[in-house]
Structures are given as structure tokens and as C-alpha cells.
>>> print(open('model-v7.txt').read())   # compact mmCIF, C-alpha atoms
# COMPACT_ATOMS: atom_id res chain seq x y z
CA MET Z 493 -13.41 31.12 -4.74
CA GLU Z 494 -16.29 28.66 -4.45
CA LYS Z 495 -15.40 25.01 -4.09
CA HIS Z 496 -17.14 21.75 -4.97
CA LEU Z 497 -18.82 23.17 -8.05
CA ILE Z 498 -20.42 20.89 -10.64
CA LEU Z 499 -19.53 20.90 -14.33
CA GLY Z 500 -22.38 19.51 -16.44
CA PHE Z 501 -22.41 18.04 -19.95
CA LEU Z 502 -25.69 17.35 -21.72
CA GLY Z 503 -26.96 16.58 -25.23
CA LYS Z 504 -25.68 14.84 -28.33
CA ASN Z 505 -23.33 15.13 -31.29
CA LEU Z 506 -24.99 16.95 -34.16
CA LYS Z 507 -25.15 16.03 -37.81
CA GLY Z 508 -23.17 18.44 -39.95
CA HIS Z 509 -20.92 19.46 -37.04
CA PRO Z 510 -17.46 18.02 -36.30
CA ARG Z 511 -17.49 15.89 -33.16
CA LEU Z 512 -16.17 17.72 -30.13
CA SER Z 513 -12.86 15.94 -29.57
CA ASP Z 514 -12.02 14.14 -26.35
CA ASP Z 515 -8.99 16.40 -25.99
CA VAL Z 516 -11.12 19.56 -26.04
CA ILE Z 517 -13.48 18.06 -23.45
CA ALA Z 518 -10.46 17.17 -21.31
CA GLN Z 519 -9.10 20.70 -21.64
CA PHE Z 520 -12.45 22.04 -20.49
CA ILE Z 521 -12.50 19.79 -17.43
CA ARG Z 522 -8.87 20.53 -16.53
CA GLY Z 523 -9.29 24.24 -17.09
CA ASN Z 524 -12.22 24.47 -14.69
CA VAL Z 525 -10.69 22.47 -11.84
CA PRO Z 526 -8.69 25.49 -10.56
CA LEU Z 527 -11.98 27.43 -10.49
CA GLY Z 528 -13.52 25.01 -7.99
CA TYR Z 529 -15.21 22.50 -10.32
CA ASP Z 530 -14.38 19.09 -8.90
CA THR Z 531 -17.38 17.06 -10.11
CA VAL Z 532 -18.44 16.22 -13.66
CA LEU Z 533 -22.16 15.51 -14.03
CA THR Z 534 -23.49 13.91 -17.20
CA GLY Z 535 -25.66 11.09 -18.49
CA ILE Z 536 -25.00 8.09 -20.72
CA ASN Z 537 -27.71 8.99 -23.22
CA GLY Z 538 -25.85 8.97 -26.53
CA VAL Z 539 -22.25 9.18 -27.77
CA PHE Z 540 -21.65 12.79 -26.68
CA GLU Z 541 -22.52 12.15 -23.04
CA ARG Z 542 -20.66 8.82 -22.97
CA ASN Z 543 -17.56 10.51 -24.37
CA CYS Z 544 -17.78 13.20 -21.69
CA ALA Z 545 -18.13 10.53 -19.00
CA ASN Z 546 -15.15 8.55 -20.32
CA VAL Z 547 -12.98 11.66 -20.55
CA ALA Z 548 -13.87 12.54 -16.95
CA LEU Z 549 -12.94 9.01 -15.85
CA ALA Z 550 -9.61 9.25 -17.68
CA GLN Z 551 -8.84 12.59 -16.02
CA ARG Z 552 -9.79 11.21 -12.61
CA ASP Z 553 -7.62 8.14 -13.09
CA ALA Z 554 -4.74 10.39 -14.16
CA GLY Z 555 -4.91 12.05 -10.75
CA LEU Z 556 -6.69 15.30 -11.64
CA GLY Z 557 -8.93 15.19 -8.58
CA VAL Z 558 -12.35 15.17 -10.22
CA LYS Z 559 -15.29 12.89 -9.56
CA LEU Z 560 -17.90 11.61 -11.98
CA THR Z 561 -21.62 11.59 -11.25
CA ILE Z 562 -23.91 9.84 -13.72
CA ALA Z 563 -27.64 10.56 -13.99
CA LEU Z 564 -29.47 7.58 -15.46
CA THR Z 565 -32.96 6.15 -15.56
CA LYS Z 566 -34.09 3.44 -13.17
CA GLN Z 567 -34.80 1.23 -16.18
CA LYS Z 568 -31.22 1.60 -17.45
CA PHE Z 569 -29.83 0.81 -13.99
CA GLU Z 570 -31.95 -2.32 -13.73
CA ILE Z 571 -30.65 -3.46 -17.13
CA TYR Z 572 -27.10 -2.97 -15.80
CA LEU Z 573 -27.90 -5.04 -12.70
CA ARG Z 574 -29.28 -7.92 -14.81
CA PHE Z 575 -26.23 -7.90 -17.07
CA ALA Z 576 -23.88 -7.83 -14.07
CA ARG Z 577 -25.77 -10.64 -12.31
CA ASP Z 578 -25.80 -12.86 -15.40
CA GLY Z 579 -22.22 -12.10 -16.38
CA ARG Z 580 -23.28 -10.87 -19.80
CA PRO Z 581 -20.97 -8.61 -21.87
CA MET Z 582 -21.85 -4.96 -21.46
CA ASN Z 583 -22.01 -2.23 -24.08
CA ASP Z 584 -20.14 1.07 -23.79
CA GLU Z 585 -22.80 2.88 -21.75
CA LEU Z 586 -23.26 0.08 -19.20
CA LYS Z 587 -19.48 -0.17 -18.67
CA ILE Z 588 -19.45 3.42 -17.40
CA ILE Z 589 -21.95 2.80 -14.57
CA PRO Z 590 -19.72 0.84 -12.11
CA GLN Z 591 -16.84 3.27 -12.66
CA ALA Z 592 -18.78 6.38 -11.62
CA ASP Z 593 -18.18 7.89 -8.19
CA ASP Z 594 -21.89 8.55 -7.73
CA LEU Z 595 -25.12 7.55 -9.45
CA GLN Z 596 -28.35 9.50 -9.53
CA ILE Z 597 -31.04 6.98 -10.47
CA ILE Z 598 -34.13 8.70 -11.84
CA GLY Z 599 -37.56 7.07 -11.99
CA GLY Z 600 -40.59 8.14 -13.98
CA ASP Z 601 -44.05 7.10 -15.13
CA SER Z 602 -42.57 6.05 -18.49
CA SER Z 603 -39.16 5.66 -20.09
CA LEU Z 604 -39.66 9.01 -21.86
CA SER Z 605 -40.54 10.87 -18.68
CA ALA Z 606 -37.57 9.29 -16.89
CA ARG Z 607 -35.17 10.46 -19.63
CA ILE Z 608 -36.66 13.97 -19.42
CA LEU Z 609 -36.20 13.99 -15.66
CA CYS Z 610 -32.55 12.91 -16.12
CA ASP Z 611 -31.96 15.89 -18.40
CA ARG Z 612 -33.67 18.17 -15.90
CA TYR Z 613 -31.53 16.81 -13.06
CA ILE Z 614 -28.33 17.58 -14.97
CA ILE Z 615 -29.54 21.09 -15.82
CA ASP Z 616 -30.78 21.84 -12.29
CA ASN Z 617 -27.62 20.66 -10.53
CA SER Z 618 -24.88 22.02 -12.83
CA ASP Z 619 -23.11 25.21 -11.82
CA LEU Z 620 -21.72 25.44 -15.35
CA LEU Z 621 -23.43 23.54 -18.16
CA TYR Z 622 -22.10 22.70 -21.60
CA TYR Z 623 -24.89 21.43 -23.80
CA SER Z 624 -25.28 20.44 -27.44
CA VAL Z 625 -28.79 20.13 -28.87
CA SER Z 626 -30.48 20.35 -32.24
CA ALA Z 627 -32.93 23.14 -32.99
CA GLN Z 628 -34.76 21.03 -35.58
CA GLU Z 629 -38.50 20.70 -35.15
CA SER Z 630 -38.24 16.91 -35.18
CA ASP Z 631 -35.83 16.84 -32.21
CA PHE Z 632 -38.18 16.83 -29.23
CA ARG Z 633 -35.37 16.41 -26.69
CA GLY Z 634 -33.37 19.34 -28.05
CA ARG Z 635 -36.39 21.62 -28.09
CA TYR Z 636 -37.35 20.58 -24.55
CA ILE Z 637 -33.85 21.21 -23.16
CA SER Z 638 -33.77 24.68 -24.73
CA TYR Z 639 -37.29 25.44 -23.43
CA TYR Z 640 -36.54 24.19 -19.91
CA LEU Z 641 -33.36 26.27 -19.70
CA ALA Z 642 -35.13 29.40 -20.92
CA GLN Z 643 -38.09 28.98 -18.57
CA ASN Z 644 -36.38 27.76 -15.41
CA HIS Z 645 -32.75 28.85 -15.61
CA PRO Z 646 -32.53 32.03 -17.72
CA LEU Z 647 -29.45 33.21 -15.78
CA LYS Z 648 -27.64 29.87 -15.53
CA ASN Z 649 -23.98 29.79 -16.58
CA VAL Z 650 -24.22 27.83 -19.84
CA CYS Z 651 -22.41 27.36 -23.12
CA ASP Z 652 -24.43 26.14 -26.11
CA LEU Z 653 -22.01 23.93 -28.03
CA SER Z 654 -24.49 23.53 -30.87
CA GLU Z 655 -23.77 27.11 -31.89
CA ARG Z 656 -20.92 27.24 -34.36
CA SER Z 657 -19.33 30.25 -32.67
CA ALA Z 658 -19.54 28.56 -29.26
CA ARG Z 659 -17.81 25.41 -30.54
CA ALA Z 660 -15.09 27.62 -31.97
CA LEU Z 661 -14.81 29.39 -28.62
CA VAL Z 662 -14.26 26.02 -26.95
CA ALA Z 663 -11.51 25.21 -29.44
CA LYS Z 664 -9.91 28.62 -28.91
CA GLU Z 665 -9.96 28.33 -25.13
CA ALA Z 666 -8.50 24.81 -25.30
CA SER Z 667 -5.74 26.01 -27.62
CA LEU Z 668 -4.77 28.97 -25.44
CA ARG Z 669 -4.76 26.83 -22.30
CA TYR Z 670 -2.53 24.29 -24.07
CA ILE Z 671 -0.12 27.06 -25.06
CA ARG Z 672 -0.03 28.53 -21.55
CA LEU Z 673 0.50 25.05 -20.08
CA HIS Z 674 3.65 24.79 -22.21
CA ASP Z 675 4.74 28.35 -21.39
CA MET Z 676 4.43 29.29 -25.07
CA ALA Z 677 7.14 26.81 -26.06
CA VAL Z 678 5.43 23.91 -27.88
CA SER Z 679 7.76 21.17 -29.09
CA SER Z 680 7.64 20.17 -32.74
CA ARG Z 681 7.87 16.52 -31.69
CA GLU Z 682 5.27 16.69 -28.94
CA ILE Z 683 2.61 19.06 -30.30
CA ASP Z 684 -0.76 17.33 -30.00
CA LYS Z 685 -2.32 16.19 -33.27
CA ILE Z 686 -5.51 18.06 -32.35
CA TYR Z 687 -3.66 21.34 -32.55
CA LEU Z 688 -1.78 20.41 -35.69
CA ARG Z 689 -5.24 20.19 -37.23
CA ASP Z 690 -6.86 23.18 -35.53
CA TRP Z 691 -4.00 25.64 -36.04
CA LEU Z 692 -3.59 24.95 -39.75
CA ALA Z 693 -5.51 27.27 -42.07
CA PRO Z 694 -6.90 25.43 -45.14
CA ALA Z 695 -6.03 28.45 -47.32
CA PRO Z 696 -3.60 30.82 -45.54
CA GLU Z 697 -3.62 33.32 -48.42
CA GLN Z 698 -7.31 34.00 -47.72
CA LEU Z 699 -6.26 35.36 -44.31
CA LYS Z 700 -3.82 37.92 -45.71
CA LYS Z 701 -6.46 40.67 -45.54
CA TYR Z 702 -6.30 40.50 -41.74
CA PHE Z 703 -2.69 41.70 -41.82
CA LYS Z 704 -3.39 45.14 -43.30
CA ASN Z 705 -3.43 46.47 -39.75
CA PRO Z 706 -2.18 43.51 -37.69
CA GLU Z 707 -2.04 45.30 -34.33
CA VAL Z 708 -5.73 46.21 -34.54
CA THR Z 709 -6.60 42.71 -35.81
CA ALA Z 710 -4.74 41.08 -32.91
CA LEU Z 711 -6.52 43.27 -30.37
CA HIS Z 712 -9.92 42.42 -31.88
CA LEU Z 713 -9.33 38.67 -32.22
CA LEU Z 714 -8.03 38.21 -28.70
CA ARG Z 715 -11.04 39.79 -27.06
CA ASP Z 716 -13.54 37.33 -25.62
CA GLU Z 717 -16.49 39.35 -26.86
CA GLY Z 718 -18.82 38.48 -29.72
CA ALA Z 719 -18.86 35.53 -32.08
CA CYS Z 720 -15.82 33.35 -32.56
CA ASP Z 721 -15.37 32.39 -36.21
CA PRO Z 722 -13.77 28.91 -36.37
CA LYS Z 723 -11.91 29.84 -39.57
CA LEU Z 724 -9.94 32.41 -37.59
CA LEU Z 725 -8.57 30.06 -34.93
CA PRO Z 726 -5.14 29.82 -36.65
CA LEU Z 727 -4.96 33.62 -36.53
CA ARG Z 728 -6.05 33.82 -32.90
CA VAL Z 729 -3.37 31.34 -31.85
CA PHE Z 730 -0.69 33.08 -33.89
CA PHE Z 731 -1.48 36.58 -32.63
CA TYR Z 732 -1.77 35.36 -29.04
CA VAL Z 733 1.75 33.97 -29.00
CA PHE Z 734 3.18 36.63 -31.32
CA SER Z 735 1.99 39.49 -29.13
CA ASN Z 736 2.77 37.84 -25.78
CA SER Z 737 6.07 36.05 -26.34
CA LEU Z 738 7.83 37.89 -29.15
CA LEU Z 739 6.85 41.50 -28.65
CA GLU Z 740 7.30 41.56 -24.90
CA ARG Z 741 10.98 40.69 -25.34
CA ILE Z 742 11.84 43.07 -28.15
CA ALA Z 743 12.37 46.76 -27.57
CA GLU Z 744 11.71 47.81 -31.16
CA GLN Z 745 8.28 46.26 -31.48
CA HIS Z 746 7.22 48.51 -34.34
CA LYS Z 747 9.64 46.71 -36.67
CA TYR Z 748 7.91 43.36 -36.26
CA TRP Z 749 4.22 44.12 -36.75
CA PRO Z 750 4.70 44.98 -40.45
CA ASN Z 751 6.42 41.60 -40.93
CA SER Z 752 3.74 39.61 -39.08
CA TRP Z 753 2.29 38.25 -42.35
CA ALA Z 754 5.67 36.73 -43.26
CA PHE Z 755 5.94 35.18 -39.80
CA PHE Z 756 2.42 33.77 -40.13
CA LYS Z 757 3.18 32.18 -43.53
CA ASP Z 758 6.31 30.53 -42.15
CA TYR Z 759 4.38 29.37 -39.08
CA GLN Z 760 1.78 27.71 -41.30
CA GLU Z 761 4.42 26.10 -43.52
CA ILE Z 762 6.22 24.67 -40.49
CA LEU Z 763 3.01 23.16 -39.13
CA ARG Z 764 2.26 21.62 -42.53
CA ILE Z 765 5.71 20.04 -42.72
CA ILE Z 766 5.36 18.63 -39.19
CA ARG Z 767 1.97 17.15 -40.03
CA LEU Z 768 3.27 15.66 -43.29
CA ALA Z 769 6.32 14.22 -41.54
CA ARG Z 770 4.18 12.53 -38.91
CA ALA Z 771 1.85 11.09 -41.52
CA ASN Z 772 4.88 9.48 -43.20
CA ASP Z 773 6.73 8.45 -40.01
CA ILE Z 774 9.57 10.87 -40.74
CA GLU Z 775 11.48 12.13 -37.70
CA ILE Z 776 12.18 15.84 -37.55
CA GLN Z 777 14.38 17.92 -35.27
CA ASP Z 778 12.98 19.21 -32.01
CA PHE Z 779 12.25 22.95 -31.81
CA ASN Z 780 9.69 25.40 -30.46
CA VAL Z 781 6.99 25.88 -33.11
CA PHE Z 782 6.62 29.48 -31.88
CA ASP Z 783 10.30 30.43 -32.16
CA PHE Z 784 9.47 33.14 -34.71
CA LEU Z 785 12.93 34.65 -35.04
CA ARG Z 786 14.40 31.26 -36.02
CA TYR Z 787 11.74 30.39 -38.58
CA LYS Z 788 13.95 30.88 -41.63
CA SER Z 789 16.76 28.74 -40.27
CA ILE Z 790 14.26 26.10 -39.03
CA LEU Z 791 12.71 25.87 -42.49
CA ARG Z 792 16.14 25.57 -44.14
CA GLU Z 793 17.12 22.77 -41.75
CA MET Z 794 13.82 20.93 -42.27
CA LEU Z 795 13.99 21.15 -46.04
CA GLN Z 796 17.67 20.18 -46.17
CA SER Z 797 17.26 17.22 -43.80
CA PRO Z 798 18.21 13.90 -45.46
CA ASP Z 799 14.85 12.51 -44.40
CA LYS Z 800 13.10 15.19 -46.44
CA LYS Z 801 15.04 14.68 -49.66
>>> encode(input="model-v7.txt", output="C-alpha cells")
Amino acid sequence: MEKHLILGFLGKNLKGHPRLSDDVIAQFIRGNVPLGYDTVLTGINGVFERNCANVALAQRDAGLGVKLTIALTKQKFEIYLRFARDGRPMNDELKIIPQADDLQIIGGDSSLSARILCDRYIIDNSDLLYYSVSAQESDFRGRYISYYLAQNHPLKNVCDLSERSARALVAKEASLRYIRLHDMAVSSREIDKIYLRDWLAPAPEQLKKYFKNPEVTALHLLRDEGACDPKLLPLRVFFYVFSNSLLERIAEQHKYWPNSWAFFKDYQEILRIIRLARANDIEIQDFNVFDFLRYKSILREMLQSPDKK
């Protein structure tokens, strides 16, 4: 396995797309550390890059063993130096600069050319690059990043987060890593709010059609090939745990696939109750949200709890 690889983040949050959560970015950083990625490389050009930098700093300070390198223009660095010298309060992007482990200060004939060279530096030096850009004609930066990648790095290991399916793939990978981290036993009291949101289907009944042949559906959804529809994330999570934790421990597996729709409905109802309880500061009992065989008794206990009456 290669070591000292660089994980790059580049681009901006896009209008009409949900912001990539800090937790998902953290999952991506943590998940790549075992693969040899020990440096995060990004800029401070916009909210997306600043969020990535701050998440990397938080992971470093938590002892993960990653370093942060910031690429910034010479003009921006000089502004930071003036603010530091004069003791002036700094904005969010300037606060990141002294916390970075390394700075790559990029000059240029103009502020625009310097920003372009910063983007090129991040692209050129990332072993794996996550980028989010707009394809709109008016977005010069987005079009340039896409053009530069296509012309100079056609084989680079990249993930375009501006594609809806790619963003869903990020969410799926983060979810499955979270589940594996907890050995498929996620506590009802400790489940992260990100996953309470991501694993809940807005309209579970609309997913019933996927249970006509659940074994085939599970096999298809858990492949890493093709597009990743974000509406199907609740199904992907369910089938991942259902097939790996429940069926591996039960000799008569054929009895449980036909009942998978009933398990899924109970799973969704339990997540909804947990989310509602948290929103209203109601304490619930502690249990594994993937304890399928206890779902009926868990639901009875939750609904009969004095706090729920």
C-alpha cells in the first residue's frame, strides 16, 4: 500500500444541491486514512473549501494523524499578515491559515491568474480529488476546472460531487462505513443525526415495489457499479445490514426474505420515532436500531412508554 498520499478537495457548494455535511466530509477523510492518505489539500476559496479545511483540522486535533495543506494566493497571504500584524479580527478563511500544517503560496500576474494557479496546484498534487463545480456557462471557474482535468489529468482518480449520483455515492459510503465502525449495532440513543435524516425515506410506501424480489434488489443496490440514486439510500442501508447481520446468523434464510418489506416498514417507523423523540427532548430506551427480530417488541415498548403517552 502506498503511503503519504494526498486527498484533495476543490470547488464550491452548488445552488439547488444540499450542502455536503461536515460529517460526510469527515467520514471521507477517516475512511481514506487506512489507504495511505495522510494529507488533506484544499484552498480557502469559498464555503465548501473552508468547511473541508475545518473538518480536516478537527480530525487532526482529534488524533487521526492527518495534516492539512492550504493552497492560497500570495495576495490572500499578505492580507493575513497585515491583519495579524495589526491585531485585527480575522474572518473565517483567515483563521484557517495559521492552523494549517503547510501553506502553498501561489503568485500570479493578477488575482484571477493566481486563483486559477491555486486550483491547478490542488488538481496537480492530489492523488484522489473530490471536486464540486457548476456546469453553468456563467461559471468560469467551474468550466475551467472541468476543462483542465479533462485535458491534463484524464486518468486522475476523481469524484465529481456536483453530480447527483456521486453525492449520493458519498452519502452511501459514509453510511456503510458508519455501520461497519459500529459493527452493525447502532445505538438508538447514539445514532448520529445525519443518519437519522439520510436513512429515513420521505414516503416508504413508494419503495414497496423494490420488495417484489428483495434478494435480487439487494444484490443490485449493494453493487458499486452505475449511478447511485439518493432516494434509494434508505434501502441500501437496510439491505446491507439485513443481508450481512441477520441472514448470516439464520439457517433458514428463505423464510426471512419474503418478510423483508415488513422489517423495512418497522425499521422506518423506529427511526421516525427516534427522530421525533429527540426533537421533543424525550428519552427513549437504548437498543440496536438494526435488531430486526426484536422490532415488534421494541415498537410495543416505545409506544407504551410513559414518555410517549
>>> atom_distance(input="model-v7.txt", atom1="atom CA of Leu497 of chain Z", atom2="atom CA of Tyr529 of chain Z")
4.3 Å
>>> closest_residue(input="model-v7.txt", among="Z:Ser735, Z:Gln519, Z:Ser624, Z:Asn524", to="Phe782 of chain Z", atoms="only C-alpha atoms")
Z:Ser735
>>> residues_around(input="model-v7.txt", residues="Leu549 of chain Z", least_positions_apart="2", cutoff="9 Å", atoms="all atoms listed in the file", output="list in words")
Cys544, Ala545, Asn546, Val547, Gln551, Arg552, Asp553, Ala554, Val558, Lys559, Leu560, Ile588, Gln591 and Ala592 of chain Z
>>> closest_residue(input="model-v7.txt", among="Z:Val781, Z:Ile608, Z:Met582, Z:Leu692", to="Arg635 of chain Z", atoms="only C-alpha atoms")
Z:Ile608
>>> closest_residue(input="model-v7.txt", among="Z:Ile517, Z:Leu512, Z:Ile615, Z:Leu641", to="Ala563 of chain Z", atoms="all atoms listed in the file")
Z:Ile615
>>> closest_residue(input="model-v7.txt", among="Z:Leu714, Z:Glu707, Z:Val532, Z:Ile765", to="Tyr748 of chain Z", atoms="all atoms listed in the file")
Z:Glu707
>>> residues_around(input="model-v7.txt", residues="Leu609 of chain Z", least_positions_apart="2", cutoff="8 Å", atoms="only C-alpha atoms", output="list in words")
Ile598, Gly599, Gly600, Ser605, Ala606, Arg607, Asp611, Arg612 and Tyr613 of chain Z
>>> residues_around(input="model-v7.txt", residues="Arg770 of chain Z", least_positions_apart="5", cutoff="10 Å", atoms="all atoms listed in the file", output="PyMOL selection string")
chain Z and resi 681+685+764-765+775-776
>>> axis_aligned_box(input="model-v7.txt", around="segment 677-695 of chain Z", padding_each_side="8 Å", output="JSON")
{"center_x": 0.5, "center_y": 22.3, "center_z": -36.7, "size_x": 30.8, "size_y": 28.3, "size_z": 37.3}
>>> residues_near_point(input="model-v7.txt", point="(-34.2, 25.3, -8.3)", cutoff="9 Å", atoms="all atoms listed in the file", output="VMD selection string")
chain Z and resid 616 to 617 644 to 645
>>> write_last_selection(input="model-v7.txt", atoms="C-alpha atoms", output="PDB file, in the frame of the given file")
ATOM      1  CA  ASP Z 616     -30.780  21.840 -12.290  1.00  0.00           C
ATOM      2  CA  ASN Z 617     -27.620  20.660 -10.530  1.00  0.00           C
ATOM      3  CA  ASN Z 644     -36.380  27.760 -15.410  1.00  0.00           C
ATOM      4  CA  HIS Z 645     -32.750  28.850 -15.610  1.00  0.00           C
TER       5      HIS Z 645
END
>>> atom_distance(input="model-v7.txt", atom1="atom CA of Asn505 of chain Z", atom2="atom CA of Gly634 of chain Z")
11.4 Å
